[in-house]
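Have a look at model_35.tsv; it's TSV, C-alpha atoms and all ligand atoms:
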```
chain	number	residue	atom	x	y	z
U	1	MET	CA	-59.13	49.19	110.49
U	2	SER	CA	-59.64	52.41	108.54
U	3	ASN	CA	-61.51	52.61	105.25
U	4	ARG	CA	-59.45	51.82	102.16
U	5	GLN	CA	-60.60	53.78	99.12
U	6	VAL	CA	-59.46	53.18	95.54
U	7	VAL	CA	-59.41	56.39	93.49
U	8	LEU	CA	-59.27	55.75	89.73
U	9	GLY	CA	-57.83	58.88	88.13
U	10	GLY	CA	-56.42	59.97	91.51
U	11	GLY	CA	-53.48	61.68	89.80
U	12	GLY	CA	-55.74	64.16	88.04
U	13	PHE	CA	-57.01	67.58	89.03
U	14	LEU	CA	-60.14	66.49	90.93
U	15	GLY	CA	-58.78	63.07	91.86
U	16	SER	CA	-55.72	64.42	93.65
U	17	HIS	CA	-57.88	66.77	95.76
U	18	LEU	CA	-60.12	63.80	96.53
U	19	CYS	CA	-57.06	61.79	97.66
U	20	ASP	CA	-56.10	64.73	99.93
U	21	GLN	CA	-59.54	65.02	101.56
U	22	LEU	CA	-59.88	61.25	102.06
U	23	LEU	CA	-56.42	60.99	103.65
U	24	ASP	CA	-57.18	64.05	105.82
U	25	ARG	CA	-60.15	62.28	107.36
U	26	GLY	CA	-58.11	59.14	108.07
U	27	ASP	CA	-59.01	56.89	105.12
U	28	GLN	CA	-56.33	54.93	103.28
U	29	VAL	CA	-56.09	55.71	99.58
U	30	VAL	CA	-54.97	53.63	96.62
U	31	CYS	CA	-54.56	56.00	93.68
U	32	VAL	CA	-54.69	54.31	90.26
U	33	ASP	CA	-53.68	56.44	87.29
U	34	ASP	CA	-51.88	56.09	83.98
U	35	PHE	CA	-51.02	59.82	83.94
U	36	SER	CA	-52.33	60.17	80.42
U	37	THR	CA	-53.91	63.54	81.28
U	38	GLY	CA	-53.04	63.85	84.98
U	39	ARG	CA	-49.68	64.84	86.40
U	40	ARG	CA	-47.34	63.07	88.78
U	41	SER	CA	-46.73	66.44	90.46
U	42	ASN	CA	-50.39	66.42	91.64
U	43	VAL	CA	-49.58	63.63	94.10
U	44	THR	CA	-45.85	64.00	94.81
U	45	HIS	CA	-46.72	65.63	98.17
U	46	LEU	CA	-48.45	62.35	99.14
U	47	HIS	CA	-45.44	60.09	98.56
U	48	GLY	CA	-44.31	58.85	101.94
U	49	HIS	CA	-47.76	59.35	103.50
U	50	PRO	CA	-48.43	56.07	105.36
U	51	GLY	CA	-52.01	55.86	104.05
U	52	PHE	CA	-51.17	56.49	100.38
U	53	THR	CA	-50.36	53.95	97.65
U	54	LEU	CA	-49.86	54.78	93.97
U	55	VAL	CA	-50.56	52.17	91.27
U	56	GLU	CA	-49.67	53.17	87.71
U	57	ALA	CA	-52.10	51.36	85.42
U	58	ASP	CA	-54.53	51.87	82.56
U	59	VAL	CA	-57.91	51.12	84.17
U	60	SER	CA	-59.41	50.26	80.77
U	61	THR	CA	-57.32	47.09	80.71
U	62	GLY	CA	-57.80	45.96	84.32
U	63	LEU	CA	-57.34	46.92	87.95
U	64	PRO	CA	-54.25	45.47	89.64
U	65	VAL	CA	-55.38	46.36	93.17
U	66	GLU	CA	-54.62	43.96	96.04
U	67	GLY	CA	-55.96	44.02	99.59
U	68	PRO	CA	-59.20	45.24	101.15
U	69	VAL	CA	-61.39	47.81	99.42
U	70	THR	CA	-64.13	49.92	101.06
U	71	GLY	CA	-64.93	52.17	98.12
U	72	VAL	CA	-64.08	52.76	94.47
U	73	PHE	CA	-64.23	56.33	93.14
U	74	HIS	CA	-64.09	56.31	89.32
U	75	LEU	CA	-62.71	59.64	88.10
U	76	ALA	CA	-60.44	58.24	85.39
U	77	SER	CA	-61.23	59.88	82.04
U	78	PRO	CA	-59.85	62.64	79.89
U	79	ALA	CA	-62.05	65.56	80.99
U	80	SER	CA	-61.21	68.71	79.06
U	81	PRO	CA	-62.29	68.99	75.41
U	82	PRO	CA	-58.72	69.20	74.04
U	83	ALA	CA	-57.88	66.05	76.04
U	84	PHE	CA	-60.87	63.93	75.00
U	85	LEU	CA	-60.80	65.13	71.40
U	86	ALA	CA	-57.16	64.05	71.18
U	87	ARG	CA	-58.03	60.62	72.72
U	88	PRO	CA	-61.43	59.68	71.31
U	89	LEU	CA	-61.02	55.89	71.52
U	90	GLU	CA	-59.32	55.96	74.93
U	91	THR	CA	-62.16	58.16	76.24
U	92	LEU	CA	-64.79	55.66	75.10
U	93	ALA	CA	-62.69	52.78	76.50
U	94	VAL	CA	-62.29	54.27	79.96
U	95	GLY	CA	-65.99	55.17	80.13
U	96	SER	CA	-66.98	51.62	79.20
U	97	GLU	CA	-64.25	49.07	80.08
U	98	GLY	CA	-62.75	51.27	82.82
U	99	THR	CA	-66.17	51.62	84.44
U	100	ARG	CA	-66.78	47.87	84.18
U	101	HIS	CA	-63.46	47.07	85.89
U	102	GLY	CA	-64.23	49.58	88.66
U	103	LEU	CA	-67.70	48.13	89.21
U	104	GLU	CA	-66.36	44.56	89.30
U	105	LEU	CA	-63.68	45.51	91.84
U	106	ALA	CA	-66.34	47.14	94.04
U	107	ARG	CA	-68.69	44.18	93.73
U	108	ARG	CA	-65.99	41.61	94.58
U	109	HIS	CA	-65.27	43.47	97.82
U	110	GLY	CA	-68.84	44.46	98.69
U	111	ALA	CA	-67.57	48.04	98.36
U	112	ARG	CA	-69.42	51.19	97.30
U	113	PHE	CA	-68.75	52.52	93.78
U	114	LEU	CA	-69.00	56.21	92.91
U	115	LEU	CA	-69.05	57.28	89.25
U	116	ALA	CA	-67.78	60.76	88.38
U	117	SER	CA	-70.27	61.58	85.64
U	118	THR	CA	-70.75	65.00	84.14
U	119	SER	CA	-73.21	67.76	83.32
U	120	GLU	CA	-72.32	66.94	79.69
U	121	VAL	CA	-74.88	64.12	79.87
U	122	TYR	CA	-77.45	66.95	79.56
U	123	GLY	CA	-75.85	68.02	76.24
U	124	GLU	CA	-77.40	71.20	74.84
U	125	PRO	CA	-80.11	71.44	77.51
U	126	ALA	CA	-83.69	72.25	76.58
U	127	VAL	CA	-84.43	72.64	80.32
U	128	HIS	CA	-82.81	75.24	82.55
U	129	PRO	CA	-81.50	74.88	85.21
U	130	GLN	CA	-80.77	71.18	84.78
U	131	SER	CA	-82.22	68.84	87.38
U	132	GLU	CA	-81.45	65.13	87.57
U	133	SER	CA	-84.83	64.21	86.05
U	134	TYR	CA	-83.90	65.87	82.73
U	135	TRP	CA	-82.69	63.24	80.21
U	136	GLY	CA	-80.56	65.53	78.08
U	137	ASN	CA	-80.13	66.54	74.48
U	138	VAL	CA	-76.88	65.02	73.22
U	139	ASN	CA	-75.57	64.75	69.65
U	140	PRO	CA	-74.50	61.08	69.49
U	141	VAL	CA	-72.22	61.48	66.44
U	142	GLY	CA	-70.58	64.91	66.91
U	143	PRO	CA	-66.92	65.21	67.96
U	144	ARG	CA	-67.85	65.68	71.63
U	145	SER	CA	-69.94	62.49	71.65
U	146	VAL	CA	-66.86	60.43	72.62
U	147	TYR	CA	-67.04	62.05	76.03
U	148	ASP	CA	-70.77	62.70	76.46
U	149	GLU	CA	-71.84	59.26	75.31
U	150	ALA	CA	-69.04	57.50	77.21
U	151	LYS	CA	-70.38	59.08	80.39
U	152	ARG	CA	-73.99	58.26	79.49
U	153	PHE	CA	-72.94	54.64	78.87
U	154	ALA	CA	-70.99	54.63	82.17
U	155	GLU	CA	-74.17	55.77	83.97
U	156	ALA	CA	-76.20	53.04	82.24
U	157	LEU	CA	-73.62	50.37	83.13
U	158	THR	CA	-73.50	51.57	86.74
U	159	MET	CA	-77.30	51.35	87.04
U	160	ALA	CA	-77.36	47.93	85.34
U	161	HIS	CA	-74.77	46.59	87.83
U	162	HIS	CA	-76.86	47.97	90.65
U	163	ARG	CA	-80.14	46.52	89.38
U	164	ALA	CA	-78.86	43.17	88.08
U	165	LEU	CA	-76.13	42.38	90.62
U	166	GLY	CA	-76.99	44.54	93.62
U	167	THR	CA	-73.71	46.50	93.49
U	168	ASP	CA	-73.78	49.49	95.86
U	169	VAL	CA	-73.39	52.53	93.57
U	170	ALA	CA	-73.66	56.30	93.43
U	171	ILE	CA	-73.62	58.59	90.39
U	172	ALA	CA	-72.37	62.16	90.74
U	173	ARG	CA	-73.02	64.57	87.88
U	174	ILE	CA	-70.15	66.99	88.21
U	175	PHE	CA	-70.52	70.49	86.82
U	176	ASN	CA	-67.60	72.67	85.72
U	177	THR	CA	-65.00	72.70	88.49
U	178	TYR	CA	-61.89	74.85	88.87
U	179	GLY	CA	-59.12	75.39	91.38
U	180	PRO	CA	-55.41	74.83	92.06
U	181	ARG	CA	-53.79	72.01	90.00
U	182	LEU	CA	-55.83	72.81	86.91
U	183	ARG	CA	-53.36	72.27	84.09
U	184	PRO	CA	-52.25	75.54	82.48
U	185	ASP	CA	-52.97	73.88	79.10
U	186	ASP	CA	-56.30	72.44	80.30
U	187	GLY	CA	-58.13	74.38	77.60
U	188	ARG	CA	-61.23	75.15	79.70
U	189	VAL	CA	-62.49	78.62	80.37
U	190	VAL	CA	-60.94	79.35	83.80
U	191	SER	CA	-57.37	78.25	83.05
U	192	ASN	CA	-57.50	79.89	79.61
U	193	PHE	CA	-58.60	83.26	81.00
U	194	LEU	CA	-56.30	83.23	84.04
U	195	LEU	CA	-53.24	82.33	82.01
U	196	GLN	CA	-54.02	84.89	79.32
U	197	ALA	CA	-54.60	87.59	81.95
U	198	LEU	CA	-51.39	86.72	83.83
U	199	ARG	CA	-49.44	87.01	80.57
U	200	GLY	CA	-51.20	90.21	79.52
U	201	GLU	CA	-52.45	88.44	76.37
U	202	PRO	CA	-55.97	89.01	74.98
U	203	LEU	CA	-58.64	86.83	76.64
U	204	THR	CA	-60.25	84.64	73.97
U	205	VAL	CA	-64.03	84.46	74.25
U	206	TYR	CA	-65.80	81.98	71.97
U	207	GLY	CA	-68.78	83.50	70.18
U	208	ASP	CA	-70.27	86.63	71.75
U	209	GLY	CA	-69.66	85.33	75.28
U	210	SER	CA	-73.33	85.21	76.22
U	211	GLN	CA	-73.13	81.45	76.86
U	212	THR	CA	-73.22	80.71	80.58
U	213	ARG	CA	-71.14	78.58	82.90
U	214	SER	CA	-71.55	77.72	86.58
U	215	LEU	CA	-68.21	77.19	88.26
U	216	CYS	CA	-67.63	75.16	91.41
U	217	TYR	CA	-64.48	75.50	93.49
U	218	VAL	CA	-62.63	72.18	93.75
U	219	GLY	CA	-62.74	72.01	97.57
U	220	ASP	CA	-66.54	72.30	97.49
U	221	GLU	CA	-66.86	69.80	94.65
U	222	VAL	CA	-64.78	67.12	96.39
U	223	ARG	CA	-66.66	67.67	99.67
U	224	GLY	CA	-69.86	67.01	97.69
U	225	LEU	CA	-68.48	63.81	96.16
U	226	ILE	CA	-67.52	62.50	99.60
U	227	ALA	CA	-70.94	63.46	101.04
U	228	LEU	CA	-72.60	61.47	98.26
U	229	PHE	CA	-70.25	58.53	98.80
U	230	ASP	CA	-71.00	58.55	102.53
U	231	SER	CA	-74.77	58.59	101.93
U	232	ASP	CA	-76.98	55.73	100.78
U	233	LEU	CA	-78.20	57.62	97.70
U	234	THR	CA	-77.80	56.04	94.26
U	235	GLY	CA	-78.46	59.22	92.35
U	236	PRO	CA	-77.69	60.61	89.92
U	237	VAL	CA	-77.01	63.71	92.01
U	238	ASN	CA	-75.87	67.05	90.57
U	239	ILE	CA	-72.78	68.36	92.36
U	240	GLY	CA	-71.95	71.86	91.20
U	241	ASN	CA	-72.34	75.53	91.93
U	242	PRO	CA	-75.64	77.08	90.78
U	243	ASP	CA	-74.22	80.62	90.52
U	244	GLU	CA	-74.37	81.27	86.78
U	245	TYR	CA	-72.14	83.70	84.88
U	246	THR	CA	-71.88	84.54	81.21
U	247	VAL	CA	-68.46	83.83	79.75
U	248	ILE	CA	-67.97	87.52	79.12
U	249	GLN	CA	-68.69	88.29	82.80
U	250	LEU	CA	-66.06	85.73	83.77
U	251	ALA	CA	-63.53	87.29	81.42
U	252	ARG	CA	-64.12	90.72	82.96
U	253	ALA	CA	-63.92	89.30	86.50
U	254	VAL	CA	-60.54	87.69	85.74
U	255	VAL	CA	-59.10	90.84	84.18
U	256	GLU	CA	-60.22	92.92	87.15
U	257	LEU	CA	-59.02	90.41	89.74
U	258	LEU	CA	-55.52	90.35	88.24
U	259	GLY	CA	-55.40	94.03	87.36
U	260	SER	CA	-54.37	92.79	83.94
U	261	SER	CA	-53.82	94.90	80.85
U	262	SER	CA	-55.44	92.18	78.71
U	263	THR	CA	-58.12	92.98	76.17
U	264	ILE	CA	-60.98	90.62	75.28
U	265	ILE	CA	-61.27	89.18	71.76
U	266	HIS	CA	-63.92	86.93	70.22
U	267	LEU	CA	-63.25	83.65	68.36
U	268	ALA	CA	-65.34	81.05	66.55
U	269	LEU	CA	-67.91	79.22	68.66
U	270	PRO	CA	-66.98	75.51	68.86
U	271	VAL	CA	-69.19	72.68	67.60
U	272	ASP	CA	-71.94	71.68	70.07
U	273	ASP	CA	-70.70	74.17	72.66
U	274	PRO	CA	-73.45	74.18	75.32
U	275	THR	CA	-75.05	77.61	75.59
U	276	ARG	CA	-76.38	77.24	79.13
U	277	ARG	CA	-75.19	75.36	82.16
U	278	ARG	CA	-76.54	75.59	85.67
U	279	PRO	CA	-77.18	72.76	88.09
U	280	ASP	CA	-80.35	72.45	90.09
U	281	ILE	CA	-78.82	71.24	93.37
U	282	THR	CA	-82.03	70.86	95.35
U	283	LEU	CA	-81.43	67.12	95.72
U	284	ALA	CA	-77.85	67.54	97.01
U	285	ARG	CA	-78.98	70.29	99.41
U	286	ASP	CA	-81.95	68.33	100.77
U	287	ALA	CA	-80.56	64.80	100.83
U	288	LEU	CA	-76.87	65.44	101.52
U	289	GLY	CA	-76.97	68.78	103.34
U	290	TRP	CA	-74.31	69.89	100.85
U	291	GLU	CA	-73.87	73.16	99.03
U	292	PRO	CA	-70.87	75.11	97.77
U	293	THR	CA	-69.48	77.79	100.09
U	294	THR	CA	-66.55	79.28	98.12
U	295	GLY	CA	-67.41	82.44	96.19
U	296	LEU	CA	-66.12	83.06	92.66
U	297	GLU	CA	-63.73	85.86	93.58
U	298	ASP	CA	-62.12	83.86	96.38
U	299	GLY	CA	-61.89	80.72	94.24
U	300	LEU	CA	-60.46	82.58	91.26
U	301	ALA	CA	-57.85	84.27	93.47
U	302	ARG	CA	-56.68	80.92	94.90
U	303	THR	CA	-56.58	79.36	91.43
U	304	ALA	CA	-54.71	82.33	89.98
U	305	SER	CA	-52.07	82.16	92.75
U	306	ALA	CA	-51.47	78.47	92.11
U	307	LEU	CA	-51.32	78.96	88.35
U	308	ALA	CA	-49.02	81.96	88.70
U	309	ASP	CA	-46.65	79.93	90.93
U	310	GLU	CA	-46.65	77.15	88.39
U	311	VAL	CA	-45.82	79.31	85.39
U	312	GLY	CA	-43.44	81.48	87.43
U	313	MET	CA	-45.39	84.73	87.26
U	314	ALA	CA	-46.80	87.19	89.79
U	315	GLY	CA	-50.33	86.25	90.93
U	316	PRO	CA	-53.28	88.28	92.22
U	317	ALA	CA	-51.42	89.55	95.31
U	318	SER	CA	-49.38	91.73	92.97
U	319	ALA	CA	-52.60	93.32	91.81
U	320	GLN	CA	-53.37	94.63	95.29
U	321	GLY	CA	-53.20	98.39	95.46
U	322	THR	CA	-53.46	98.81	91.71
U	323	GLU	CA	-56.01	101.17	90.27
U	324	ALA	CA	-59.35	99.73	89.18
U	325	THR	CA	-58.89	98.22	85.73
U	326	THR	CA	-60.87	99.22	82.68
U	327	VAL	CA	-61.46	96.19	80.48
U	328	GLN	CA	-60.68	96.87	76.82
U	329	GLU	CA	-62.80	94.88	74.43
U	330	SER	CA	-62.46	94.42	70.69
U	331	GLU	CA	-65.56	94.47	68.49
U	332	PRO	CA	-66.86	90.92	68.04
U	333	ASP	CA	-66.62	89.68	64.44
U	334	PRO	CA	-69.98	87.97	63.76
U	335	MET	CA	-68.56	86.00	60.82
U	336	ALA	CA	-65.90	84.43	63.00
U	337	TRP	CA	-68.56	82.73	65.14
U	338	THR	CA	-69.79	80.56	62.33
U	339	THR	CA	-66.44	78.79	61.91
U	340	GLN	CA	-66.56	75.37	63.50
U	341	GLY	CA	-63.87	74.97	66.09
U	342	VAL	CA	-63.94	72.15	68.60
U	343	GLN	CA	-62.23	73.50	71.72
U	344	SER	CA	-64.76	74.28	74.35
U	345	ASP	CA	-65.67	73.78	77.94
U	346	ASP	CA	-66.86	70.85	80.00
C	1	LIG	N1	-63.13	69.11	86.09
C	1	LIG	C1	-64.39	69.25	85.75
C	1	LIG	O1	-64.88	70.37	85.63
C	1	LIG	C2	-65.26	68.04	85.52
C	1	LIG	C3	-66.60	68.24	85.15
C	1	LIG	C4	-67.41	67.13	84.94
C	1	LIG	C5	-66.91	65.86	85.13
C	1	LIG	N2	-65.60	65.70	85.49
C	1	LIG	C6	-65.12	64.32	85.64
C	1	LIG	O2	-64.29	64.21	86.77
C	1	LIG	C7	-63.20	63.32	86.50
C	1	LIG	C8	-61.88	64.02	86.78
C	1	LIG	O3	-61.73	65.15	85.93
C	1	LIG	P1	-60.46	66.12	86.03
C	1	LIG	O4	-60.90	67.47	85.63
C	1	LIG	O5	-59.78	65.90	87.33
C	1	LIG	O6	-59.57	65.54	84.83
C	1	LIG	P2	-58.03	65.06	84.82
C	1	LIG	O7	-57.68	64.78	83.41
C	1	LIG	O8	-57.19	66.02	85.57
C	1	LIG	O9	-58.12	63.72	85.66
C	1	LIG	C9	-58.45	62.47	85.11
C	1	LIG	C10	-57.38	61.48	85.53
C	1	LIG	O10	-57.70	60.22	84.98
C	1	LIG	C11	-56.49	59.63	84.49
C	1	LIG	N3	-56.87	58.67	83.45
C	1	LIG	C12	-57.48	58.91	82.27
C	1	LIG	N4	-57.65	57.76	81.60
C	1	LIG	C13	-57.14	56.78	82.38
C	1	LIG	C14	-57.01	55.38	82.24
C	1	LIG	N5	-57.46	54.73	81.15
C	1	LIG	N6	-56.42	54.67	83.23
C	1	LIG	C15	-55.95	55.30	84.36
C	1	LIG	N7	-56.05	56.63	84.53
C	1	LIG	C16	-56.64	57.35	83.56
C	1	LIG	C17	-55.70	60.80	83.95
C	1	LIG	O11	-54.32	60.54	83.81
C	1	LIG	C18	-55.99	61.86	85.01
C	1	LIG	O12	-55.06	61.82	86.06
C	1	LIG	C19	-63.36	62.88	85.05
C	1	LIG	O13	-63.99	61.62	85.02
C	1	LIG	C20	-64.26	63.91	84.45
C	1	LIG	O14	-65.03	63.40	83.41
C	1	LIG	C21	-64.78	66.75	85.68
```
Let me see the structure of the file written as structure tokens.
Amino acid sequence: MSNRQVVLGGGGFLGSHLCDQLLDRGDQVVCVDDFSTGRRSNVTHLHGHPGFTLVEADVSTGLPVEGPVTGVFHLASPASPPAFLARPLETLAVGSEGTRHGLELARRHGARFLLASTSEVYGEPAVHPQSESYWGNVNPVGPRSVYDEAKRFAEALTMAHHRALGTDVAIARIFNTYGPRLRPDDGRVVSNFLLQALRGEPLTVYGDGSQTRSLCYVGDEVRGLIALFDSDLTGPVNIGNPDEYTVIQLARAVVELLGSSSTIIHLALPVDDPTRRRPDITLARDALGWEPTTGLEDGLARTASALADEVGMAGPASAQGTEATTVQESEPDPMAWTTQGVQSDD
């Protein structure tokens, strides 16, 4: 009989791509989601697939999953800052109770449990790039703590289950991921910039744009999660793309890719916005033989096409043959950066 994997949060951006890749290799998939931040449209193409089952449930209250289970992938959680700031208590619940239910399901079946943790456990990093041995620098009481600390608790609970009960576990620390099925209103840097550029609106850069992000294409990210699941590593293991760009470089790349007439404007830097993010992926390279293969330009073009289709606008193909674009930038207003916003990037 084929493997039967339970994907908590399988209706989300990353989760739905994970369902696709697992089904493609012949696994059966039970997707559990309450669609609080995910979208039914992410998995409508899987309805009718003989290996796919959808269970609508809040994993913080229990896991109504019947039948055999080979693995449990726990991706259920609000992930973008607007989403977790709007659901602070739900975010803490799914990181704690949701994780506990996932671990108990895995243990009952002798199945392997994979936690989708985050680079946010490193907080505002004092070490760069971030390797798994760095313990992080997190503000436990700031607005973002509902997410960062929920994930840190989820990691602690996962390790406690492993040590105390022998549950087979793996922890993936996911770095910023982008690709098709990102929500247009996701609020993170890639969807913000692409949507603004498609609409010809100014691209909003928080602060002076010198903060860095490392962006991993979703196909690479999910391949990494599956490689970790298939290994016998416990982790944590960083899964992300080590190519680092400043936010202003990203803004320029998007404007040029789309041949957009957008200008770039600067807004207040959000509270606890991390200034640097780059994974050290030595462990994933050495132990899993995994590394990302999709370049930024290619990944952005695929994401822009999908986003353009979704909002009914012309995507990057329409930019082909256009003259090279000159990016217009407004003067940054230094005073604006001191205002404390909260929207930021995972
Ligand atoms: N996308 C990234 O860049 C990134 C980076 C680091 C970590 N992660 C982690 O990866 C996972 C997936 O992120 P994503 O970007 O796909 O976000 P997403 O919001 O698209 O997906 C999360 C899914 O979980 C579901 N969900 C949330 N709470 C639930 C609950 N209580 N019960 C059942 N379902 C619930 C949502 O409806 C959604 O479908 C998250 O755990 C996130 O923390 C993502």
Using the file's own x, y and z axes, so that the box edges lie along x, y and z, what centre and edge lengths in Å (one decimal) does a box around every listed atom of ligand LIG 1 (chain C) get when 5 Å is added on each side? Give it as lines of an AutoDock Vina configuration file.
```
center_x = -60.9
center_y = 62.5
center_z = 84.2
size_x = 23.1
size_y = 25.7
size_z = 16.2
```
Kindly compile the residues surrounding ligand LIG 1 (chain C) within 6 Å, counting only C-alpha atoms and all ligand atoms, and format them as a PyMOL selection string. chain U and resi 9-15+33-38+57-60+75-79+94+116-118+174-177+346
Please compute the CA of Leu114 in chain U-CA of Thr282 in chain U distance, one decimal, in Å. 19.8 Å
For Thr99 in chain U, which residue out of U:Ala154, U:Thr53, U:Val311, U:Asn137 is the nearest one, using all atoms listed in the file?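 Smallest distance to Thr99 in chain U is found for U:Ala154.
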Here's a test: counting all atoms listed in the file, identify every protein, DNA and RNA residue with an atom at most 6 Å from (-69.6, 83.2, 76.8) in the file's coordinate frame, and state them as a PDB file with C-alpha atoms, in the frame of the given file.
```pdb
ATOM      1  CA  GLY U 209     -69.660  85.330  75.280  1.00  0.00           C
ATOM      2  CA  SER U 210     -73.330  85.210  76.220  1.00  0.00           C
ATOM      3  CA  GLN U 211     -73.130  81.450  76.860  1.00  0.00           C
ATOM      4  CA  THR U 212     -73.220  80.710  80.580  1.00  0.00           C
ATOM      5  CA  THR U 246     -71.880  84.540  81.210  1.00  0.00           C
ATOM      6  CA  VAL U 247     -68.460  83.830  79.750  1.00  0.00           C
ATOM      7  CA  ILE U 248     -67.970  87.520  79.120  1.00  0.00           C
TER       8      ILE U 248
END
```
Within 10 Å of Leu165 in chain U, counting all atoms listed in the file, which residues show up once you throw out same-chain ones fewer than 5 positions away? Write them as a PDB file with C-alpha atoms, in the frame of the given file, please.
```
ATOM      1  CA  ARG U 107     -68.690  44.180  93.730  1.00  0.00           C
ATOM      2  CA  MET U 159     -77.300  51.350  87.040  1.00  0.00           C
ATOM      3  CA  ALA U 160     -77.360  47.930  85.340  1.00  0.00           C
TER       4      ALA U 160
END
```
Work out how far apart CA of Gln196 in chain U and CA of Gly179 in chain U are and give it in Å to one decimal. 16.2 Å
Proximity to Ser80 in chain U - best of U:Arg252, U:Arg188, U:His49, U:Arg277, only C-alpha atoms: U:Arg188
Within 9 Å of range 62-69 of chain U, which residues of range 74-178 of chain U show up? Give each one with its shortest atom-to-atom distance in Å (one decimal) and the two atoms involved, counting all atoms listed in the file, rows by chain then rising residue number, as JSON lines.
```
{"residue": "U:Glu97", "atom": "CA", "partner": "U:Gly62", "partner_atom": "CA", "distance": 8.3}
{"residue": "U:Gly98", "atom": "CA", "partner": "U:Gly62", "partner_atom": "CA", "distance": 7.4}
{"residue": "U:His101", "atom": "CA", "partner": "U:Gly62", "partner_atom": "CA", "distance": 6.0}
{"residue": "U:Gly102", "atom": "CA", "partner": "U:Leu63", "partner_atom": "CA", "distance": 7.4}
{"residue": "U:Leu105", "atom": "CA", "partner": "U:Leu63", "partner_atom": "CA", "distance": 7.6}
{"residue": "U:Ala106", "atom": "CA", "partner": "U:Val69", "partner_atom": "CA", "distance": 7.3}
{"residue": "U:His109", "atom": "CA", "partner": "U:Val69", "partner_atom": "CA", "distance": 6.0}
{"residue": "U:Gly110", "atom": "CA", "partner": "U:Val69", "partner_atom": "CA", "distance": 8.2}
{"residue": "U:Ala111", "atom": "CA", "partner": "U:Val69", "partner_atom": "CA", "distance": 6.3}
{"residue": "U:Arg112", "atom": "CA", "partner": "U:Val69", "partner_atom": "CA", "distance": 9.0}
```
Spatial neighbours of Gly123 in chain U, 8 Å, all atoms listed in the file, chain gap at least 4 places, as a ChimeraX atom specification: /U:119,136-139,148,274
Nearby residues (only C-alpha atoms) at most 12 Å from range 290-298 of chain U, same-chain spacing under 3 positions excluded, as a PyMOL selection string: chain U and resi 175+177-179+190+213-228+230-231+237-245+249-250+252-258+279-287+301-305+316
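We find CA of Val43 in chain U and CA of Phe153 in chain U to be spaced 29.3 Å apart.
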